[in-house]
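Student: Following this message is one structure expressed as structure tokens.
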Amino acid sequence: MRFAFSTLGVPALPIDQVVRLATEHGYHGVELRASDEEPVHTGLSAGERARVAEQFAKAGVEILTVASYAKVAAAGDDGPVLDEIGAAMTLAADLGASFVRVFPGGGDLPAAEADALAARRLAAAAPVAEDLGGRVLLETHDSHRGGADVARVLGTVGHRGAGAIWDVMHTWLAGEQPSASYPVLSPYLGYVQVKDIASATDRTPLPLGAGVLPLAETVEVLSRADWDGWLCWEYEKRWHSGAAELPDLLGPGREHLVRLLSDSA
């Protein structure tokens with residue numbers, strides 16, 4: 001398995017420093033949060049996109065994902081949602097990223113209605129993503145927190161260009177064990193987001209291994225299945241300003257993941 005981290009953990013950090021952190025601490029890739037608050041967003045010019053891609057390429061660090069905030073199960077017209085996904089997919093293609101992250105965002109809609117919205121929009125976006133050389137990935141989150149929830153939507157879509165991100169916190173909050181999440185997500189799985197928290201009510205990010213999330217069980221399930229994809233550390237510093245700074249934790253975090261892999265071998 002290869003390791004990445006999300007820039008959600010280093011809000012607004014310049015790209016050259018993001019790349020330096022990845023190389024210094026042995027991370028193979030980075031998930032780039034796409035937001036106007038960040039140095040990477042859909043408003044970048046062609047030249048700016050090329051410079052970002054060049055910095056990563058020179059360092060041998062992969063841009064894993066453009067993490068958008070499009071909500072495919074949200075109420076409303078399809079057009080704005082598809083436009084948002086389309087802009088993120090174009091950005092990903094320009095940067096050489098493999099994936100675009102989207103959220104469900106179904107809110108209080110009935111499950112069947114939220115499923116139908118998400119499936120229809122993903123079915124429209126998936127062929128475009130594939131033509132651009134990538135995939136659009138639905139994260140286990142909010143209205144579709146469980147692996148079974150995301151798999152239900154993706155099974156309806158039925159296109160390789162649409163897949164899943166397994167956020168281990170949200171499947172845990174949904175009451176799923178890793179041994180249940182992986183089998184339903186595996187046909188669609190793009191990569192796995194790891195993190196740690198103190199409890200279901202205190203989600204302030206912690207160093208990997210310092211909280212309650214079933215990281216060892218998750219890695220063991222993946223190892224037993226011979227899964228060889230990405231583990232991406234999503235440290236939610238942007239939403240928890242009082243949390244410890246991520247740069248100091250990246251080295252020990254990688255070491256913890258290596259230990260989990262070794263123990264599961």
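FYI, nothing fancy with the structure tokens labels: chains A, B, ... in order, residues from 1 per chain, ligands from 1 as they appear.
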Within 12 Å of A:Ala124, counting only C-alpha atoms, which residues qualify if same-chain residues fewer than 4 places away don't, as a list in words?

Tutor: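 Counting only C-alpha atoms, the residues come to Val72, Asp78, Gly79, Val81, Leu82, Asp83, Ile85, Gly86, Leu117, Ala118, Ala119, Arg120, Val128, Ala129, Glu130, Val136, Val157, Gly158, His159, Gly161 and Ala162 of chain A.
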
Student: Can you check which residues of stretch 17-210 of chain A DSSP gives as strand (DSSP E) on the backbone and send them as a ChimeraX atom specification?

Tutor: /A:29-33,62-71,99-103,135-139,162-167,189-194

Student: Any chance you could export the current selection's C-alpha atoms as a short mmCIF file (atom, residue, chain, number, x, y, z; two decimals), in the first residue's frame?

Tutor:
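The new file out-v8.cif reads:
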```
data_model
loop_
_atom_site.label_atom_id
_atom_site.label_comp_id
_atom_site.auth_asym_id
_atom_site.auth_seq_id
_atom_site.Cartn_x
_atom_site.Cartn_y
_atom_site.Cartn_z
CA GLY A 29 1.00 11.20 -2.75
CA VAL A 30 -1.20 14.09 -1.67
CA GLU A 31 -4.94 14.66 -1.72
CA LEU A 32 -5.41 18.33 -2.67
CA ARG A 33 -8.34 20.12 -1.07
CA GLU A 62 1.67 11.92 -6.98
CA ILE A 63 -1.35 14.19 -6.90
CA LEU A 64 -3.82 11.56 -5.81
CA THR A 65 -7.08 13.50 -5.73
CA VAL A 66 -8.77 16.82 -6.27
CA ALA A 67 -11.06 16.91 -3.24
CA SER A 68 -14.13 18.84 -4.34
CA TYR A 69 -17.18 19.74 -2.28
CA ALA A 70 -19.80 18.82 -4.85
CA LYS A 71 -22.79 17.09 -3.24
CA PHE A 99 -9.47 11.00 -8.72
CA VAL A 100 -12.07 13.65 -7.91
CA ARG A 101 -13.74 13.40 -4.51
CA VAL A 102 -17.45 14.19 -4.15
CA PHE A 103 -19.78 14.06 -1.14
CA ARG A 135 -12.55 8.54 -11.74
CA VAL A 136 -15.08 10.43 -9.62
CA LEU A 137 -15.25 8.94 -6.12
CA LEU A 138 -18.17 9.16 -3.70
CA GLU A 139 -16.97 9.38 -0.11
CA ALA A 162 -17.54 6.17 -10.61
CA GLY A 163 -16.10 4.70 -7.43
CA ALA A 164 -15.79 5.08 -3.68
CA ILE A 165 -13.60 6.57 -0.99
CA TRP A 166 -13.77 4.64 2.25
CA ASP A 167 -13.55 7.16 5.10
CA LEU A 189 -12.86 1.25 -4.02
CA GLY A 190 -10.55 4.04 -5.16
CA TYR A 191 -8.70 4.48 -1.86
CA VAL A 192 -9.06 4.57 1.91
CA GLN A 193 -9.01 7.64 4.15
CA VAL A 194 -7.54 6.97 7.58
#
```

Student: Mind pulling up the distance from atom CA of A:His144 to atom CA of A:Val212?

Tutor: 21.3 Å

Student: Which residues come within 12 Å of A:Val184, counting only C-alpha atoms, excluding same-chain residues fewer than 4 positions away, as a list in words?

Tutor: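 Selected residues are Thr140, Gly146, Gly147, Ala148, Asp149, Val150, Ala151, Arg152, Val153, Leu154, Gly155, Gly163, Ala164, Trp166, Thr171, Glu176, Gln177, Pro178, Ser179, Ala180, Tyr188 and Leu189 of chain A.
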
Student: Residues at most 8 Å from A:His256, counting only C-alpha atoms, excluding those fewer than 3 positions away in the same chain, as a list in words?

Tutor: Leu208, Gly209, Pro252, Gly253, Arg259 and Leu260 of chain A

Student: Those same residues, written as an mmCIF file, in the first residue's frame with C-alpha atoms?

Tutor:
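The resulting selection20.cif:
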```cif
data_model
loop_
_atom_site.group_PDB
_atom_site.id
_atom_site.type_symbol
_atom_site.label_atom_id
_atom_site.label_comp_id
_atom_site.auth_asym_id
_atom_site.auth_seq_id
_atom_site.Cartn_x
_atom_site.Cartn_y
_atom_site.Cartn_z
ATOM 1 C CA LEU A 208 -2.893 7.957 14.117
ATOM 2 C CA GLY A 209 -3.261 5.256 16.754
ATOM 3 C CA PRO A 252 5.134 9.214 13.364
ATOM 4 C CA GLY A 253 1.880 8.735 11.422
ATOM 5 C CA ARG A 259 3.697 -1.005 11.813
ATOM 6 C CA LEU A 260 0.065 -1.839 11.116
#
```

Student: Could you please determine the separation between atom CA of A:Leu8 and atom CA of A:Glu236 in Å, to one decimal place?

Tutor: 5.7 Å

Student: Check the smallest atom-to-atom distance from each of A:Ala50, A:Val10, A:Ala73, A:Ala93 to A:Pro247 using only C-alpha atoms, then report the winner.

Tutor: A:Val10

Student: What's the 9 Å shell around A:Ala216, counting only C-alpha atoms, without same-chain residues fewer than 3 positions away, as a ChimeraX atom specification?

Tutor: /A:209,213,219-221,257,260-261,263-264

Student: Distance atom CA of A:Gly107-atom CA of A:Ala4, one decimal place?

Tutor: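 Atom CA of A:Ala4 lies 29.4 Å from atom CA of A:Gly107.
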
Student: Return as a PyMOL selection string the full set of residues in stretch 1-201 of chain A whose backbone-based DSSP assignment is alpha helix (DSSP H).

Tutor: chain A and resi 15-25+46-59+78-95+111-131+147-157+168-173+178-185

Student: Mind dumping the selected residues with C-alpha atoms as an mmCIF file, in the first residue's frame?

Tutor:
```cif
data_model
loop_
_atom_site.group_PDB
_atom_site.id
_atom_site.type_symbol
_atom_site.label_atom_id
_atom_site.label_comp_id
_atom_site.auth_asym_id
_atom_site.auth_seq_id
_atom_site.Cartn_x
_atom_site.Cartn_y
_atom_site.Cartn_z
ATOM 1 C CA ILE A 15 2.353 24.001 -2.692
ATOM 2 C CA ASP A 16 6.131 23.955 -2.471
ATOM 3 C CA GLN A 17 5.860 23.347 1.276
ATOM 4 C CA VAL A 18 3.233 20.636 0.778
ATOM 5 C CA VAL A 19 5.563 18.859 -1.630
ATOM 6 C CA ARG A 20 8.472 19.235 0.785
ATOM 7 C CA LEU A 21 6.455 17.675 3.622
ATOM 8 C CA ALA A 22 5.554 14.703 1.436
ATOM 9 C CA THR A 23 9.143 14.048 0.375
ATOM 10 C CA GLU A 24 10.662 14.590 3.819
ATOM 11 C CA HIS A 25 8.251 12.212 5.532
ATOM 12 C CA ALA A 46 -3.583 26.990 -17.295
ATOM 13 C CA GLY A 47 -0.147 28.264 -16.377
ATOM 14 C CA GLU A 48 -0.818 27.989 -12.653
ATOM 15 C CA ARG A 49 -2.061 24.440 -13.082
ATOM 16 C CA ALA A 50 1.039 23.509 -15.024
ATOM 17 C CA ARG A 51 3.287 24.914 -12.286
ATOM 18 C CA VAL A 52 1.504 22.920 -9.585
ATOM 19 C CA ALA A 53 1.790 19.726 -11.622
ATOM 20 C CA GLU A 54 5.468 20.412 -12.318
ATOM 21 C CA GLN A 55 6.327 20.862 -8.629
ATOM 22 C CA PHE A 56 4.821 17.499 -7.745
ATOM 23 C CA ALA A 57 6.315 15.731 -10.759
ATOM 24 C CA LYS A 58 9.840 16.994 -10.056
ATOM 25 C CA ALA A 59 9.609 15.652 -6.503
ATOM 26 C CA ASP A 78 -28.562 18.669 -11.624
ATOM 27 C CA GLY A 79 -26.898 21.405 -13.666
ATOM 28 C CA PRO A 80 -24.963 23.266 -10.952
ATOM 29 C CA VAL A 81 -23.818 20.005 -9.359
ATOM 30 C CA LEU A 82 -22.596 18.590 -12.662
ATOM 31 C CA ASP A 83 -20.895 21.883 -13.503
ATOM 32 C CA GLU A 84 -19.048 21.776 -10.179
ATOM 33 C CA ILE A 85 -17.963 18.186 -10.742
ATOM 34 C CA GLY A 86 -16.973 18.973 -14.319
ATOM 35 C CA ALA A 87 -14.737 21.845 -13.230
ATOM 36 C CA ALA A 88 -13.069 19.604 -10.654
ATOM 37 C CA MET A 89 -12.574 16.825 -13.208
ATOM 38 C CA THR A 90 -10.915 19.215 -15.637
ATOM 39 C CA LEU A 91 -8.647 20.490 -12.860
ATOM 40 C CA ALA A 92 -7.745 16.907 -11.933
ATOM 41 C CA ALA A 93 -6.909 16.086 -15.541
ATOM 42 C CA ASP A 94 -4.734 19.184 -15.852
ATOM 43 C CA LEU A 95 -2.870 18.279 -12.663
ATOM 44 C CA ALA A 111 -33.114 7.651 1.183
ATOM 45 C CA ALA A 112 -34.604 6.543 -2.122
ATOM 46 C CA GLU A 113 -34.710 10.114 -3.442
ATOM 47 C CA ALA A 114 -31.144 10.855 -2.323
ATOM 48 C CA ASP A 115 -29.965 7.605 -3.908
ATOM 49 C CA ALA A 116 -31.659 8.440 -7.197
ATOM 50 C CA LEU A 117 -30.148 11.926 -7.339
ATOM 51 C CA ALA A 118 -26.659 10.654 -6.562
ATOM 52 C CA ALA A 119 -26.864 7.781 -9.035
ATOM 53 C CA ARG A 120 -28.157 9.977 -11.856
ATOM 54 C CA ARG A 121 -25.464 12.602 -11.410
ATOM 55 C CA LEU A 122 -22.659 10.096 -11.008
ATOM 56 C CA ALA A 123 -23.859 8.243 -14.088
ATOM 57 C CA ALA A 124 -23.557 11.501 -16.017
ATOM 58 C CA ALA A 125 -20.123 12.340 -14.621
ATOM 59 C CA ALA A 126 -18.533 8.878 -14.780
ATOM 60 C CA PRO A 127 -18.010 8.628 -18.570
ATOM 61 C CA VAL A 128 -16.530 12.120 -18.619
ATOM 62 C CA ALA A 129 -14.147 11.212 -15.815
ATOM 63 C CA GLU A 130 -13.087 8.071 -17.649
ATOM 64 C CA ASP A 131 -12.514 10.000 -20.885
ATOM 65 C CA GLY A 147 -20.183 1.481 3.032
ATOM 66 C CA ALA A 148 -23.465 -0.222 2.215
ATOM 67 C CA ASP A 149 -25.039 3.190 1.515
ATOM 68 C CA VAL A 150 -22.360 4.202 -0.994
ATOM 69 C CA ALA A 151 -22.268 0.748 -2.576
ATOM 70 C CA ARG A 152 -26.033 0.888 -3.104
ATOM 71 C CA VAL A 153 -25.637 4.042 -5.196
ATOM 72 C CA LEU A 154 -22.604 2.858 -7.131
ATOM 73 C CA GLY A 155 -24.240 -0.439 -7.932
ATOM 74 C CA THR A 156 -26.996 1.512 -9.657
ATOM 75 C CA VAL A 157 -24.487 3.649 -11.563
ATOM 76 C CA VAL A 168 -13.012 4.877 8.092
ATOM 77 C CA MET A 169 -14.432 7.374 10.564
ATOM 78 C CA HIS A 170 -17.800 7.597 8.863
ATOM 79 C CA THR A 171 -18.285 3.867 8.405
ATOM 80 C CA TRP A 172 -17.411 3.460 12.100
ATOM 81 C CA LEU A 173 -19.929 6.150 13.030
ATOM 82 C CA PRO A 178 -14.199 -2.916 8.656
ATOM 83 C CA SER A 179 -14.936 -6.552 7.911
ATOM 84 C CA ALA A 180 -18.388 -5.450 6.743
ATOM 85 C CA SER A 181 -17.382 -2.213 4.981
ATOM 86 C CA TYR A 182 -14.657 -3.645 2.771
ATOM 87 C CA PRO A 183 -16.650 -6.387 0.998
ATOM 88 C CA VAL A 184 -19.402 -4.002 -0.111
ATOM 89 C CA LEU A 185 -16.977 -1.236 -1.134
#
```

Student: Quick one: residues within 8 Å of A:Tyr235, only C-alpha atoms counted, chain neighbours fewer than 6 positions away excluded, as number ranges by chain?

Tutor: A: 5-6, 8-9, 195, 205-206, 246

Student: Could you turn the residues from that selection into a file that holds N, CA and C atoms, as a JSON list (two decimals), in the first residue's frame?

Tutor:
```json
[["chain", "number", "residue", "atom", "x", "y", "z"],
["A", 5, "PHE", "N", -1.36, 12.06, 2.19],
["A", 5, "PHE", "CA", -2.05, 12.86, 3.20],
["A", 5, "PHE", "C", -2.85, 13.95, 2.49],
["A", 6, "SER", "N", -3.87, 14.43, 3.19],
["A", 6, "SER", "CA", -4.73, 15.47, 2.64],
["A", 6, "SER", "C", -4.27, 16.85, 3.08],
["A", 8, "LEU", "N", -6.16, 19.12, 3.80],
["A", 8, "LEU", "CA", -7.07, 19.58, 4.83],
["A", 8, "LEU", "C", -6.33, 19.74, 6.16],
["A", 9, "GLY", "N", -5.25, 18.98, 6.31],
["A", 9, "GLY", "CA", -4.46, 19.05, 7.54],
["A", 9, "GLY", "C", -3.46, 20.17, 7.60],
["A", 195, "LYS", "N", -7.77, 8.13, 9.69],
["A", 195, "LYS", "CA", -7.73, 9.24, 10.63],
["A", 195, "LYS", "C", -7.92, 8.66, 12.01],
["A", 205, "PRO", "N", -9.19, 15.92, 15.52],
["A", 205, "PRO", "CA", -8.23, 14.95, 14.98],
["A", 205, "PRO", "C", -7.09, 14.67, 15.96],
["A", 206, "LEU", "N", -6.71, 13.40, 15.99],
["A", 206, "LEU", "CA", -5.62, 12.93, 16.84],
["A", 206, "LEU", "C", -4.55, 12.27, 15.98],
["A", 246, "LEU", "N", -0.19, 19.30, 11.93],
["A", 246, "LEU", "CA", 0.06, 18.05, 11.21],
["A", 246, "LEU", "C", 1.52, 17.82, 10.85]]
```
